[in-house]
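Enquirer: This is the structure, below, for whatever I ask next.
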Amino acid sequence: MTGQPRAGSFGRFVNDAHRAGELVVQPRMGMADPARMRAGLAATRAAAATTVGTITLDSYTRVADWPAAAAALRHGSALNGYPIVTHDRATTRAVLAGIADDATFPVQVRHGSARPEAIVEALVAAGLSATEGGPVSYCLPYGRVPLHEAVDSWKRSCAILAAVADTGVEPHLETFGGCLMGQLCPPGMLVAVAILEGLFFVQHGLRSVSLSYAQQANHRQDVEAVHALRRLAGELLPGVDTHVVVYAYMGVYPRTVLGAERLLVRAARLAAGTGAARLIVKTAAEAHRIPTVAENVSALELAAATARATGPEADADSGSEVYDEARALVEAVLELDADLGRALLKAFRGGYLDVPFCLHPDNAGRSRSRLAPDGRLSWSRVGSMPLPPPRAHPEPRELNAAELLRCLSHVERSCDDAALEESLAIR
Amino acid sequence: MTDLDALPTAARAEHCLDILVTSVASDSHTWNLIYLQLLLQEQGHRVRNLGSCVPAAMLLTECLRQQPDLVVISSVNGHGHLDGMAAVRTLREQPRLAAMLVVIGGQLGIAGPGGQRRRHELTAAGFDAVFEGAAGLPAFRRYLSGLRIEQGHRARAGS
């Protein structure tokens with residue numbers, strides 16, 4: 001949007017593509033074996049799409065259990081990602097050599113860690129400069145690392161990554177704030193946490209950041225959310241290189257191939273129609289297992305082709321509820337402390353931010369959300385959050401257990417059912 | 001802890017149980033825990049939800065503090081049988097918790113339900129009941145209604 005990072009950075013690559021009218025597409029992909037990881041990156045690069053590469057790390061690395069990661073490598077046991085801290089830097093450099101290239105094929109490390117210093121050190125040592133996460137979004141949804149520890153750790157991690165700028169390459173950090181629990185969080189809060197984590201990254205030295213939004217259950221509401229995110233980024237992060245990245249649905253995924261493709265097509269239209277610059281795809285295998293490289297390439301190509309055929313999707317005429325909610329939350333948190341880390345801690349302690357259905361000990365747990373029959377998400381209880389009164393009052397009743405299950409599987413069922421109807425109609 | 005347990009729920013059953021819902025040390029999933037909490041609250045029980053990634057030592061501390069009637073361990077990441085056995089052994093070493101019921105359910109291994117053999121391992125380690133895989137939930141509900149009757153009898157007998 002604004003600000004020009006120096007040549008050779010993840011942010012620069014994505015913004016150049018955006019200006020050229022191309023949506024950048026990216027897989028979720030990580031293999032423990034260096035040769036297989038290299039082949040996955042090569043296939044991503046060769047896909048018929050404008051792509052960036054991904055190295056997704058394994059769960060042991062995520063929780064800093066190095067002995068377990070090392071033992072798994074020694075015994076050849078299955079790991080669900082690439083153990084970047086356990087493999088030595090020469091190995092990782094060999095995985096990347098001749099494939100990763102800041103100007104033509106940047107590679108990002110994705111991990112899910114609340115305490116990522118060692119991960120950031122390892123990726124920098126391997127010559128990489130782009131990763132993702134955040135002190136709130138990689139703490140509250142996963143486990144019980146205290147939020148203040150995650151904030152301190154992310155400050156240190158930002159400093160390690162920001163120092164890469166001294167080498168002449170602009171490092172890039174993406175917030176996972178637009179996802180949180182993956183589903184059933186009203187978009188106003190997703191947008192607010194993405195913006196707040198983006199501001200935290202900038203306060204700790206980053207000059208190139210991306211702001212995420214995970215596709216939810218109603219396309220119009222998602223369109224309003226991405227517009228709200230872009231507008232707030234322009235208002236609150238001026239002079240910073242920013243772009244918006246959309247995640248294809250992160251909740252319970254359709255089980256049929258056609259249903260899964262339908263959902264991915266909707267995500268690609270969301271990203272391309274709202275001016276987002278990058279999309280992280282999901283594959284048709286999502287509901288069943290870790291996808292193959294070929295399934296990932298198919299998803300990348302389907303998303304890119306859909307994006308090229310998509311026209312603009314307008315925002316709500318009168319300004320959206322998502323924008324109003326996100327703005328109210330962000331402003332309330334910024335007033336708590338000039339230091340973003342302290343402001344976030346105070347916000348969760350006081351319930352100004354309260355993630356629905358999040359059981360983390362540092363989350364107030366007084367808010368609740370609802371899913372309307374058309375998939376729109378709204379608050380049924382706001383707890384202590386400083387939110388404007390809802391425009392349409394939802395039923396005051398809380399979800400019961402059976403309704404919770406139905407809400408969690410709403411997207412899966414609607415996509416699978418629609419795909420089935422479509423295939424029957426063709427016959 | 002969270003305030004989720006203070007939610008308004010259906011009218012309390014006359015003989016409701018104090019139930020602790022928890023996951024195991026290595027499991028970060030929480031939707032399963034939230035579902036169980038709602039289900040148990042709807043049946044009128046008092047529920048405390050410890051959340052995800054609960055180490056055995058922390059579970060022990062909470063059990064000693066809260067003295068629940070029933071501990072429900074739910075895990076879906078495939079390590080539940082290992083982490084669960086460590087947890088229940090820790091609890092069973094405490095004489096003060098001898099009367100406390102401890103059950104486990106979910107997806108407890110990486111390759112699907114483990115059948116009779118795993119059930120025996122888990123009950124031998126100290127679990128009162130095991131509810132694995134898709135059939136686990138209806139079986140758990142039957143187990144609960146049985147408990148409620150038993151608890152009612154016990155309450156009447158004691159009064």
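Just so we're on the same page: first chain in the structure tokens is A, next is B, and so on; residues restart at 1 for each chain, and ligands are numbered from 1 in the order they show up.
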Please provide the set of residues having any atom within 6 Å of stretch 314-316 of chain A, restricted to only C-alpha atoms, with same-chain residues fewer than 3 positions apart removed, written as a count of residues only.

Expert: 3

Enquirer: Excluding B:Val71 and residues on its chain fewer than 6 positions from it, collect all residues at most 8 Å away from it, counting only C-alpha atoms, and give them as JSON, numbers by chain.

Expert: {"B": [19, 20, 21, 22, 100, 101, 102, 103]}

Enquirer: Which residues of chain B have any atom within 8 Å of an atom in chain A when counting only C-alpha atoms, and what is the closest pair of atoms for each, with the distance in Å to one decimal? Order the rows by chain and rising number and write it as a Markdown table.

Expert:
| residue | atom | partner | partner_atom | distance |
| --- | --- | --- | --- | --- |
| B:Met1 | CA | A:Pro361 | CA | 4.9 |
| B:Thr2 | CA | A:Gly365 | CA | 5.2 |
| B:Asp3 | CA | A:Gly365 | CA | 5.4 |
| B:Leu4 | CA | A:Gly365 | CA | 5.8 |
| B:Asp27 | CA | A:Gly143 | CA | 7.7 |
| B:Ser28 | CA | A:Gly143 | CA | 5.0 |
| B:His29 | CA | A:Tyr142 | CA | 7.4 |
| B:Thr30 | CA | A:Leu359 | CA | 7.2 |
| B:Trp31 | CA | A:Phe357 | CA | 7.9 |
| B:Ile34 | CA | A:Phe357 | CA | 7.0 |
| B:Tyr35 | CA | A:Ala401 | CA | 5.5 |
| B:Leu36 | CA | A:Ala401 | CA | 7.5 |
| B:Leu38 | CA | A:Ala401 | CA | 5.0 |
| B:Leu39 | CA | A:Ala401 | CA | 5.1 |
| B:Glu42 | CA | A:Asn400 | CA | 7.4 |
| B:Asn49 | CA | A:Leu359 | CA | 7.7 |
| B:Leu50 | CA | A:Leu359 | CA | 7.6 |
| B:Gly51 | CA | A:Leu359 | CA | 5.3 |
| B:Ser52 | CA | A:Gly143 | CA | 5.3 |
| B:Cys53 | CA | A:Gly143 | CA | 5.1 |

Enquirer: Save out the residues we just selected, N, CA and C atoms, as a PDB file, in the first residue's frame.

Expert:
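Everything below was put into selection18.pdb:
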ATOM      1  N   MET B   1      -8.372 -19.282  35.628  1.00  0.00           N
ATOM      2  CA  MET B   1      -9.372 -20.078  34.896  1.00  0.00           C
ATOM      3  C   MET B   1     -10.331 -19.128  34.183  1.00  0.00           C
ATOM      4  N   THR B   2     -11.168 -19.678  33.403  1.00  0.00           N
ATOM      5  CA  THR B   2     -12.109 -18.839  32.681  1.00  0.00           C
ATOM      6  C   THR B   2     -13.423 -18.761  33.446  1.00  0.00           C
ATOM      7  N   ASP B   3     -14.248 -17.866  32.986  1.00  0.00           N
ATOM      8  CA  ASP B   3     -15.532 -17.624  33.610  1.00  0.00           C
ATOM      9  C   ASP B   3     -16.623 -18.431  32.894  1.00  0.00           C
ATOM     10  N   LEU B   4     -16.215 -19.297  31.966  1.00  0.00           N
ATOM     11  CA  LEU B   4     -17.211 -20.032  31.172  1.00  0.00           C
ATOM     12  C   LEU B   4     -18.150 -20.825  32.072  1.00  0.00           C
ATOM     13  N   ASP B  27      -1.730 -31.864  24.287  1.00  0.00           N
ATOM     14  CA  ASP B  27      -2.825 -31.611  23.351  1.00  0.00           C
ATOM     15  C   ASP B  27      -3.332 -30.175  23.463  1.00  0.00           C
ATOM     16  N   SER B  28      -3.250 -29.406  22.363  1.00  0.00           N
ATOM     17  CA  SER B  28      -3.673 -28.009  22.386  1.00  0.00           C
ATOM     18  C   SER B  28      -5.097 -27.801  21.869  1.00  0.00           C
ATOM     19  N   HIS B  29      -5.799 -28.883  21.502  1.00  0.00           N
ATOM     20  CA  HIS B  29      -7.171 -28.722  20.986  1.00  0.00           C
ATOM     21  C   HIS B  29      -8.142 -28.309  22.103  1.00  0.00           C
ATOM     22  N   THR B  30      -9.095 -27.473  21.759  1.00  0.00           N
ATOM     23  CA  THR B  30     -10.043 -27.032  22.789  1.00  0.00           C
ATOM     24  C   THR B  30     -11.518 -27.148  22.397  1.00  0.00           C
ATOM     25  N   TRP B  31     -11.856 -27.266  21.114  1.00  0.00           N
ATOM     26  CA  TRP B  31     -13.292 -27.324  20.762  1.00  0.00           C
ATOM     27  C   TRP B  31     -13.951 -28.541  21.426  1.00  0.00           C
ATOM     28  N   ILE B  34     -14.762 -27.568  24.987  1.00  0.00           N
ATOM     29  CA  ILE B  34     -15.883 -26.621  25.057  1.00  0.00           C
ATOM     30  C   ILE B  34     -17.201 -27.369  24.850  1.00  0.00           C
ATOM     31  N   TYR B  35     -17.222 -28.285  23.897  1.00  0.00           N
ATOM     32  CA  TYR B  35     -18.421 -29.084  23.649  1.00  0.00           C
ATOM     33  C   TYR B  35     -18.806 -29.879  24.900  1.00  0.00           C
ATOM     34  N   LEU B  36     -17.832 -30.545  25.504  1.00  0.00           N
ATOM     35  CA  LEU B  36     -18.124 -31.353  26.700  1.00  0.00           C
ATOM     36  C   LEU B  36     -18.653 -30.483  27.838  1.00  0.00           C
ATOM     37  N   LEU B  38     -20.342 -27.655  27.616  1.00  0.00           N
ATOM     38  CA  LEU B  38     -21.738 -27.292  27.351  1.00  0.00           C
ATOM     39  C   LEU B  38     -22.660 -28.480  27.600  1.00  0.00           C
ATOM     40  N   LEU B  39     -22.250 -29.637  27.118  1.00  0.00           N
ATOM     41  CA  LEU B  39     -23.063 -30.847  27.265  1.00  0.00           C
ATOM     42  C   LEU B  39     -23.331 -31.149  28.745  1.00  0.00           C
ATOM     43  N   GLU B  42     -25.557 -28.528  30.424  1.00  0.00           N
ATOM     44  CA  GLU B  42     -26.965 -28.689  30.049  1.00  0.00           C
ATOM     45  C   GLU B  42     -27.645 -29.779  30.872  1.00  0.00           C
ATOM     46  N   ASN B  49     -13.495 -26.078  33.658  1.00  0.00           N
ATOM     47  CA  ASN B  49     -12.793 -26.488  32.446  1.00  0.00           C
ATOM     48  C   ASN B  49     -11.346 -26.004  32.540  1.00  0.00           C
ATOM     49  N   LEU B  50     -10.392 -26.924  32.632  1.00  0.00           N
ATOM     50  CA  LEU B  50      -8.983 -26.524  32.785  1.00  0.00           C
ATOM     51  C   LEU B  50      -8.346 -26.137  31.459  1.00  0.00           C
ATOM     52  N   GLY B  51      -8.975 -26.502  30.329  1.00  0.00           N
ATOM     53  CA  GLY B  51      -8.425 -26.123  29.039  1.00  0.00           C
ATOM     54  C   GLY B  51      -7.404 -27.124  28.520  1.00  0.00           C
ATOM     55  N   SER B  52      -6.552 -26.660  27.581  1.00  0.00           N
ATOM     56  CA  SER B  52      -5.634 -27.555  26.868  1.00  0.00           C
ATOM     57  C   SER B  52      -4.275 -27.620  27.549  1.00  0.00           C
ATOM     58  N   CYS B  53      -3.439 -28.565  27.117  1.00  0.00           N
ATOM     59  CA  CYS B  53      -2.040 -28.686  27.556  1.00  0.00           C
ATOM     60  C   CYS B  53      -1.906 -28.683  29.080  1.00  0.00           C
TER      61      CYS B  53
END

Enquirer: Hey, what's within 10 Å of A:Gln108 if we count only C-alpha atoms and toss same-chain stuff fewer than 2 positions away? As a list in words, please?

Expert: Phe10, Gln26, Val52, Gly53, Thr54, Ile55, Thr56, Ala100, Phe105, Pro106, Arg110, His111, Leu123, Leu128, Ser129, Ala130, Thr131, Glu132, His172, Leu173 and Glu174 of chain A

Enquirer: Would you save the residues of that selection, restricted to N, CA and C atoms, as an mmCIF file, in the first residue's frame?

Expert:
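out39.cif written:
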data_model
loop_
_atom_site.group_PDB
_atom_site.id
_atom_site.type_symbol
_atom_site.label_atom_id
_atom_site.label_comp_id
_atom_site.auth_asym_id
_atom_site.auth_seq_id
_atom_site.Cartn_x
_atom_site.Cartn_y
_atom_site.Cartn_z
ATOM 1 N N PHE A 10 10.156 -10.090 0.850
ATOM 2 C CA PHE A 10 8.861 -10.738 0.710
ATOM 3 C C PHE A 10 7.771 -9.690 0.424
ATOM 4 N N GLN A 26 -0.146 -19.152 -2.009
ATOM 5 C CA GLN A 26 0.866 -19.787 -1.162
ATOM 6 C C GLN A 26 0.263 -21.020 -0.513
ATOM 7 N N VAL A 52 4.509 -17.803 -3.665
ATOM 8 C CA VAL A 52 5.629 -17.760 -2.729
ATOM 9 C C VAL A 52 5.661 -19.106 -2.029
ATOM 10 N N GLY A 53 6.836 -19.464 -1.499
ATOM 11 C CA GLY A 53 7.003 -20.775 -0.888
ATOM 12 C C GLY A 53 6.754 -20.752 0.611
ATOM 13 N N THR A 54 6.464 -21.939 1.142
ATOM 14 C CA THR A 54 6.226 -22.085 2.574
ATOM 15 C C THR A 54 7.052 -23.229 3.123
ATOM 16 N N ILE A 55 7.676 -22.993 4.281
ATOM 17 C CA ILE A 55 8.226 -24.088 5.080
ATOM 18 C C ILE A 55 7.441 -24.080 6.385
ATOM 19 N N THR A 56 6.544 -25.065 6.546
ATOM 20 C CA THR A 56 5.777 -25.187 7.786
ATOM 21 C C THR A 56 6.553 -26.095 8.729
ATOM 22 N N ALA A 100 14.758 -20.819 -3.594
ATOM 23 C CA ALA A 100 14.327 -19.606 -2.902
ATOM 24 C C ALA A 100 15.122 -18.423 -3.444
ATOM 25 N N PHE A 105 11.181 -15.722 -5.933
ATOM 26 C CA PHE A 105 10.429 -16.752 -5.210
ATOM 27 C C PHE A 105 10.792 -16.713 -3.726
ATOM 28 N N PRO A 106 10.237 -15.724 -2.989
ATOM 29 C CA PRO A 106 10.518 -15.662 -1.561
ATOM 30 C C PRO A 106 9.862 -16.828 -0.820
ATOM 31 N N ARG A 110 6.449 -20.859 8.521
ATOM 32 C CA ARG A 110 5.204 -20.820 9.308
ATOM 33 C C ARG A 110 5.335 -21.831 10.441
ATOM 34 N N HIS A 111 4.945 -21.424 11.678
ATOM 35 C CA HIS A 111 5.317 -22.285 12.815
ATOM 36 C C HIS A 111 4.292 -22.455 13.916
ATOM 37 N N LEU A 123 15.866 -19.435 11.091
ATOM 38 C CA LEU A 123 15.488 -19.050 9.719
ATOM 39 C C LEU A 123 16.392 -17.943 9.188
ATOM 40 N N LEU A 128 16.834 -16.799 5.371
ATOM 41 C CA LEU A 128 15.438 -16.397 5.147
ATOM 42 C C LEU A 128 15.123 -15.136 5.933
ATOM 43 N N SER A 129 14.022 -14.468 5.581
ATOM 44 C CA SER A 129 13.713 -13.200 6.243
ATOM 45 C C SER A 129 12.211 -12.958 6.395
ATOM 46 N N ALA A 130 11.389 -13.990 6.206
ATOM 47 C CA ALA A 130 9.936 -13.807 6.339
ATOM 48 C C ALA A 130 9.359 -14.911 7.210
ATOM 49 N N THR A 131 8.523 -14.514 8.182
ATOM 50 C CA THR A 131 7.810 -15.504 8.985
ATOM 51 C C THR A 131 6.487 -14.903 9.442
ATOM 52 N N GLU A 132 5.831 -15.538 10.403
ATOM 53 C CA GLU A 132 4.489 -15.096 10.801
ATOM 54 C C GLU A 132 4.196 -15.504 12.235
ATOM 55 N N HIS A 172 10.236 -9.478 6.769
ATOM 56 C CA HIS A 172 8.775 -9.353 6.710
ATOM 57 C C HIS A 172 8.124 -10.233 7.770
ATOM 58 N N LEU A 173 7.108 -9.694 8.429
ATOM 59 C CA LEU A 173 6.404 -10.454 9.457
ATOM 60 C C LEU A 173 4.893 -10.330 9.245
ATOM 61 N N GLU A 174 4.220 -11.474 9.240
ATOM 62 C CA GLU A 174 2.763 -11.525 9.044
ATOM 63 C C GLU A 174 2.087 -11.865 10.371
#

Enquirer: Taking into account only C-alpha atoms, which residue in the set B:Gln41, B:Gln107, B:Ser23, B:Ser145 is nearest to B:Val54?

Expert: B:Ser23

Enquirer: Taking the DSSP secondary structure from the backbone, can you list the residues of stretch 13-159 of chain B that are helix (DSSP H, G or I), as a PyMOL selection string?

Expert: chain B and resi 31-42+56-66+80-92+95-97+115-125+136-158
